[in-house]
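Participant: I have a structure I would like to understand better, so I am pasting it below and will then ask my questions one at a time.
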Amino acid sequence: MQCPSVDSLFLRANGNFVCWDDAGSDKILLKYDTRKDMSCIVSADGPCALIAEKLAGNTLPFPETCPGCYCLSFVGYPCFSNRVINVMQVEPSSRCTLECKACATPCERDRLQPPHTLSPSVFRKVLEDFSRNGIDIRTFDFSGHGEPLMNPDLWQIVRLARKYYPNAFLTLITNAHGDFDERHVFSGLDQIQFSIDGVDQENFEKYRVGGNYERASGYMESFARTARSSGSSVRIVWRYILFNHNDNDDQLRKAFEMASAFGVHDLRFIFTHKGMWSTVLTSSAELRNHLIDLEVPSRSIHMDSFKSLRRRQKLGQSLKRSQSIYRTARKLWRTVRRKPTRSTIVTSDYYQLYEPELVKALNLGCRLLRAGRIPDARALFLHVNRMVQSPVSNNASYDPAIIYRHLGRSYRRLEASLNDDSTGIAI
Ligand code: SF4
Ligand code: SF4
């Protein structure tokens, strides 16, 4: 088993380090303290090392939290290092301008420990602690559970990351409800991702509740045009989650035309299993055929299937384990990265249940049960159930029974064994 908290960190706006995203984001791993060296989170006996140790032994580190965690993975093995952080996710703000249907509600945000905006001085202290101890941070991902542009010091925070870690990859995700300023393009970012699902106000706001389409697309257009005309190397990604209300031919064609006209590098369609997901386009193969019918040039379509994306990610993870391979790959990437004249490509990404991984979890559960590790097996069974049930609240047409059918024998075997009187366990 593995999860991102082994080699990556999530710094919340209040300065605390928490577990990686989703279910774990309330689990504080290290509280912010001006007197404390914050890099101790990756010391040999710190929280990340303990998480790695538990996962390597096939035990969920936090039995009350981990079963509901989307980040838990059954591919590969945990690889902890106290010298290298793969990704530091930084939350510039825990507030947001929008109320997207699958995100935290304003009440949930109010319940978070303040401050709700990351202060540059807190971030500087974190950076100083890590760099003083010679800990490398490969990627800074400015996102979290709020909107980065709501932090008035956002661009100063980005520049601080660049100053302390000149070779790191800096990426940011935004809903683009901000006031554009040319200086944003030259803040030191390597990549910016705009979350804009649709090509008109009516459909955009069905998921992005409270959103203003003109404002968001205007910000993206200004950013992309400025970056292209100035020769900036910042990579521009338009993230477009596919729903039933934004997946028709006209909308897809218009999205590609707009992306090409603005100079977006990567128009990324995202398949989801949450909310009002597209029931017409459910795989990259379907989407590819559809785009070709719409006369999007096939050379512009660079889509992975879910399976091949997972394979590529796994290979990427193994390569990243070697610092020298990683450095060489980074150098190469910097040399060949997208030139301003290159055209828009269309890619895909997935926020979907991956059934083969759930089957792995169930099979591991059976092995643990045979070894007499009933609580560990039970935790994995709970994890599978939480994953299968999680989309229900947001989608009336979602039928978990279909997923259970696909999990088939593996699910029934673990369920029966756990219910078996001889284990003394009732689920
Ligand atoms: S699997 Fe557990 S330890 Fe890992 S990120 Fe999720 S909640 Fe945290
Ligand atoms: S824009 Fe992002 S942070 Fe804001 S509500 Fe939507 S998903 Fe959540």
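Each chain in the structure tokens gets a letter, A, B, ..., in the order shown, and its residues are numbered from 1; ligands are numbered from 1 in order too.
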Give one line per residue of chain A that approaches ligand 1 to at most 6 Å, naming the two atoms of the closest pair and their distance in Å to one decimal, counting only C-alpha atoms and all ligand atoms; sort by chain then ascending residue number and deliver it as a Markdown table.

Facilitator:
| residue | atom | partner | partner_atom_place_in_ligand_line | distance |
| --- | --- | --- | --- | --- |
| A:Cys3 | CA | ligand 1 | 4 (Fe) | 4.6 |
| A:Pro4 | CA | ligand 1 | 5 (S) | 5.9 |
| A:Ser5 | CA | ligand 1 | 5 (S) | 5.0 |
| A:Cys19 | CA | ligand 1 | 8 (Fe) | 4.4 |
| A:Trp20 | CA | ligand 1 | 5 (S) | 4.3 |
| A:Ala23 | CA | ligand 1 | 7 (S) | 5.8 |
| A:Gly24 | CA | ligand 1 | 7 (S) | 3.9 |
| A:Ile51 | CA | ligand 1 | 3 (S) | 5.9 |
| A:Pro61 | CA | ligand 1 | 3 (S) | 5.3 |
| A:Phe62 | CA | ligand 1 | 2 (Fe) | 5.7 |
| A:Thr65 | CA | ligand 1 | 7 (S) | 5.2 |
| A:Cys66 | CA | ligand 1 | 2 (Fe) | 3.8 |
| A:Cys69 | CA | ligand 1 | 6 (Fe) | 4.6 |
| A:Cys71 | CA | ligand 1 | 6 (Fe) | 5.4 |
| A:Leu72 | CA | ligand 1 | 1 (S) | 4.4 |

Participant: Return as a list in words the residues of protein, DNA or RNA that approach ligand 2 to within 6 Å, with only C-alpha atoms and all ligand atoms taken into account.

Facilitator: Cys96, Leu98, Glu99, Cys100, Cys103, His145, Gly146, Glu147 and Asn175 of chain A

Participant: List the neighbours of Arg225 (chain A) out to 9 Å using only C-alpha atoms; skip same-chain residues closer than 6 positions along the sequence, and give me the result as a list in words.

Facilitator: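 Neighbouring residues, sequence-local ones excluded: Ala261, Phe262, Gly263 and Val264 of chain A.
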
Participant: Could you please take those selected residues and save N, CA, C and O atoms as an mmCIF file, in the first residue's frame?

Facilitator:
data_model
loop_
_atom_site.group_PDB
_atom_site.id
_atom_site.type_symbol
_atom_site.label_atom_id
_atom_site.label_comp_id
_atom_site.auth_asym_id
_atom_site.auth_seq_id
_atom_site.Cartn_x
_atom_site.Cartn_y
_atom_site.Cartn_z
ATOM 1 N N ALA A 261 -7.479 29.506 -30.082
ATOM 2 C CA ALA A 261 -7.399 30.949 -30.324
ATOM 3 C C ALA A 261 -6.654 31.662 -29.192
ATOM 4 O O ALA A 261 -5.860 32.571 -29.428
ATOM 5 N N PHE A 262 -6.894 31.218 -27.955
ATOM 6 C CA PHE A 262 -6.232 31.890 -26.818
ATOM 7 C C PHE A 262 -4.745 31.538 -26.735
ATOM 8 O O PHE A 262 -3.943 32.284 -26.187
ATOM 9 N N GLY A 263 -4.411 30.314 -27.224
ATOM 10 C CA GLY A 263 -3.020 29.866 -27.071
ATOM 11 C C GLY A 263 -2.845 28.959 -25.863
ATOM 12 O O GLY A 263 -1.749 28.847 -25.313
ATOM 13 N N VAL A 264 -3.944 28.306 -25.427
ATOM 14 C CA VAL A 264 -3.834 27.321 -24.339
ATOM 15 C C VAL A 264 -2.995 26.149 -24.859
ATOM 16 O O VAL A 264 -3.172 25.713 -25.998
#

Participant: So which one's closest to Asp247 (chain A), A:Ser217, A:Leu281, A:Ile270, A:Asn133? Using only C-alpha atoms, please.

Facilitator: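 Counting only C-alpha atoms, the residue closest to Asp247 (chain A) is A:Leu281.
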
Participant: Do a neighbour search on Ala168 (chain A) at 7 Å with only C-alpha atoms, toss out local chain neighbours closer than 5 positions, and write the hits as number ranges by chain.

Facilitator: A: 137-139

Participant: Write a file of the selected residues as a PDB file, in the first residue's frame, keeping C-alpha atoms.

Facilitator:
ATOM      1  CA  ILE A 137      11.322  19.976  -2.785  1.00  0.00           C
ATOM      2  CA  ARG A 138      10.664  18.982  -6.368  1.00  0.00           C
ATOM      3  CA  THR A 139       7.219  20.444  -6.998  1.00  0.00           C
TER       4      THR A 139
END

Participant: Which residues come within 8 Å of region 291-306 of chain A, counting only C-alpha atoms, excluding same-chain residues fewer than 3 positions away, as a ChimeraX atom specification?

Facilitator: /A:249,252-253,256,283-285,287-288,309-310,343-350

Participant: Closest to Gln323 (chain A) among A:Val237, A:Met38, A:Val84, A:Leu60, using only C-alpha atoms?

Facilitator: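 That would be A:Val84, the residue with the smallest distance to Gln323 (chain A).
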
Participant: Set the distance at 9 Å and use only C-alpha atoms: which residues neighbour region 193-198 of chain A once local chain neighbours fewer than 3 positions away are removed? I'd like the list as a ChimeraX atom specification.

Facilitator: /A:171-176,201-205,207-208,213,216-217,220,235-243,245-247,251-252,255,269

Participant: Within 10 Å of Ala56 (chain A), counting only C-alpha atoms, which residues show up once you throw out same-chain ones fewer than 2 positions away? Write them as a JSON list (two decimals) with C-alpha atoms, in the first residue's frame, please.

Facilitator:
[["chain", "number", "residue", "atom", "x", "y", "z"],
["A", 1, "MET", "CA", 0.00, 0.00, 0.00],
["A", 2, "GLN", "CA", 1.04, 3.54, -0.46],
["A", 50, "LEU", "CA", 5.52, 6.44, 10.53],
["A", 51, "ILE", "CA", 2.91, 6.48, 7.78],
["A", 52, "ALA", "CA", 5.38, 4.77, 5.42],
["A", 53, "GLU", "CA", 6.19, 2.13, 8.02],
["A", 54, "LYS", "CA", 2.51, 1.32, 8.63],
["A", 58, "ASN", "CA", -0.14, -3.34, 5.21],
["A", 59, "THR", "CA", -1.78, -1.47, 8.08],
["A", 60, "LEU", "CA", -3.77, 1.71, 7.52],
["A", 77, "TYR", "CA", 5.17, 0.48, -2.41],
["A", 78, "PRO", "CA", 5.81, 3.42, -0.05],
["A", 79, "CYS", "CA", 9.16, 5.13, -0.56]]

Participant: Counting only C-alpha atoms, which of A:Val234, A:Val42, A:Val87, A:Val122 gets nearest to Asn14 (chain A)?

Facilitator: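 Using only C-alpha atoms, the shortest distance to Asn14 (chain A) belongs to A:Val122.
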
Participant: Select, from A:Gly275, A:Cys366, A:Cys40, A:Asp129, the residue with the minimum atom-to-atom distance to Arg409 (chain A), counting only C-alpha atoms.

Facilitator: A:Cys366

Participant: Please identify the strand (DSSP E) residues within region 33-280 of chain A (assignment by DSSP from backbone atoms) and present them as a VMD selection string.

Facilitator: chain A and resid 84 to 90 136 to 142 169 to 174 191 to 195 235 to 241 266 to 272

Participant: Take the residues from that selection and put them in a file with N, CA and C atoms, as a short mmCIF file (atom, residue, chain, number, x, y, z; two decimals), in the first residue's frame.

Facilitator:
data_model
loop_
_atom_site.label_atom_id
_atom_site.label_comp_id
_atom_site.auth_asym_id
_atom_site.auth_seq_id
_atom_site.Cartn_x
_atom_site.Cartn_y
_atom_site.Cartn_z
N VAL A 84 14.15 14.27 0.31
CA VAL A 84 13.43 14.73 -0.89
C VAL A 84 11.92 14.73 -0.64
N ILE A 85 11.27 15.85 -0.96
CA ILE A 85 9.80 15.92 -0.95
C ILE A 85 9.38 15.92 -2.41
N ASN A 86 8.52 15.02 -2.75
CA ASN A 86 8.08 14.95 -4.14
C ASN A 86 7.23 16.17 -4.50
N VAL A 87 6.14 16.35 -3.74
CA VAL A 87 5.26 17.51 -3.99
C VAL A 87 4.94 18.16 -2.65
N MET A 88 5.07 19.49 -2.59
CA MET A 88 4.51 20.19 -1.45
C MET A 88 3.27 20.92 -1.97
N GLN A 89 2.11 20.42 -1.55
CA GLN A 89 0.88 21.10 -1.92
C GLN A 89 0.70 22.27 -0.94
N VAL A 90 0.49 23.44 -1.47
CA VAL A 90 0.39 24.65 -0.64
C VAL A 90 -0.99 25.25 -0.87
N ASP A 136 15.30 18.68 -0.39
CA ASP A 136 14.89 19.12 -1.72
C ASP A 136 13.36 19.04 -1.85
N ILE A 137 12.76 20.03 -2.49
CA ILE A 137 11.32 19.98 -2.78
C ILE A 137 11.20 20.08 -4.30
N ARG A 138 10.66 19.03 -4.90
CA ARG A 138 10.66 18.98 -6.37
C ARG A 138 9.55 19.82 -7.00
N THR A 139 8.37 19.74 -6.41
CA THR A 139 7.22 20.44 -7.00
C THR A 139 6.45 21.19 -5.92
N PHE A 140 6.07 22.42 -6.22
CA PHE A 140 5.12 23.15 -5.37
C PHE A 140 3.82 23.21 -6.14
N ASP A 141 2.76 22.72 -5.51
CA ASP A 141 1.44 22.71 -6.15
C ASP A 141 0.54 23.67 -5.36
N PHE A 142 0.31 24.85 -5.91
CA PHE A 142 -0.50 25.84 -5.21
C PHE A 142 -1.96 25.57 -5.51
N PHE A 169 9.51 22.66 -9.71
CA PHE A 169 8.43 22.87 -10.67
C PHE A 169 7.27 23.52 -9.90
N LEU A 170 6.81 24.66 -10.40
CA LEU A 170 5.77 25.42 -9.70
C LEU A 170 4.48 25.40 -10.51
N THR A 171 3.42 24.87 -9.91
CA THR A 171 2.16 24.78 -10.64
C THR A 171 1.02 25.29 -9.77
N LEU A 172 0.00 25.84 -10.39
CA LEU A 172 -1.11 26.44 -9.64
C LEU A 172 -2.43 26.06 -10.31
N ILE A 173 -3.46 25.81 -9.49
CA ILE A 173 -4.80 25.55 -10.04
C ILE A 173 -5.72 26.66 -9.57
N THR A 174 -6.47 27.23 -10.49
CA THR A 174 -7.35 28.34 -10.12
C THR A 174 -8.69 28.24 -10.85
N GLN A 191 3.62 26.31 -14.55
CA GLN A 191 2.35 25.84 -15.13
C GLN A 191 1.18 26.46 -14.38
N ILE A 192 0.15 26.81 -15.12
CA ILE A 192 -1.09 27.26 -14.47
C ILE A 192 -2.24 26.46 -15.07
N GLN A 193 -3.16 26.02 -14.20
CA GLN A 193 -4.29 25.21 -14.67
C GLN A 193 -5.58 25.94 -14.33
N PHE A 194 -6.41 26.14 -15.34
CA PHE A 194 -7.67 26.84 -15.15
C PHE A 194 -8.82 25.84 -15.12
N SER A 195 -9.60 25.87 -14.03
CA SER A 195 -10.74 24.96 -13.91
C SER A 195 -11.98 25.66 -14.43
N ARG A 235 3.34 27.00 -18.81
CA ARG A 235 2.44 26.09 -19.54
C ARG A 235 1.00 26.34 -19.09
N ILE A 236 0.10 26.44 -20.06
CA ILE A 236 -1.28 26.79 -19.72
C ILE A 236 -2.20 25.61 -19.99
N VAL A 237 -2.89 25.20 -18.94
CA VAL A 237 -3.76 24.03 -19.03
C VAL A 237 -5.19 24.46 -18.71
N TRP A 238 -6.10 24.06 -19.57
CA TRP A 238 -7.54 24.31 -19.32
C TRP A 238 -8.16 22.99 -18.90
N ARG A 239 -8.59 22.93 -17.66
CA ARG A 239 -9.20 21.70 -17.12
C ARG A 239 -10.71 21.79 -17.29
N TYR A 240 -11.27 20.83 -17.98
CA TYR A 240 -12.68 20.87 -18.35
C TYR A 240 -13.30 19.56 -17.90
N ILE A 241 -14.02 19.56 -16.77
CA ILE A 241 -14.66 18.33 -16.30
C ILE A 241 -15.89 18.07 -17.16
N ASP A 266 -2.78 23.04 -23.40
CA ASP A 266 -3.34 21.72 -23.14
C ASP A 266 -4.80 21.87 -22.71
N LEU A 267 -5.70 21.41 -23.56
CA LEU A 267 -7.12 21.37 -23.19
C LEU A 267 -7.37 19.98 -22.62
N ARG A 268 -7.58 19.93 -21.29
CA ARG A 268 -7.63 18.63 -20.63
C ARG A 268 -9.06 18.30 -20.19
N PHE A 269 -9.64 17.29 -20.84
CA PHE A 269 -10.98 16.86 -20.46
C PHE A 269 -10.86 15.86 -19.32
N ILE A 270 -11.72 16.04 -18.32
CA ILE A 270 -11.61 15.20 -17.13
C ILE A 270 -12.87 14.36 -16.97
N PHE A 271 -12.64 13.05 -16.83
CA PHE A 271 -13.76 12.14 -16.58
C PHE A 271 -13.91 12.01 -15.07
N THR A 272 -15.14 12.14 -14.60
CA THR A 272 -15.36 12.04 -13.16
C THR A 272 -16.43 11.01 -12.86
#

Participant: What are the DSSP helix (DSSP H, G or I) residues of region 188-336 of chain A, as a ChimeraX atom specification?

Facilitator: /A:201-207,213-230,249-262,284-293,298-300,306-320,323-336
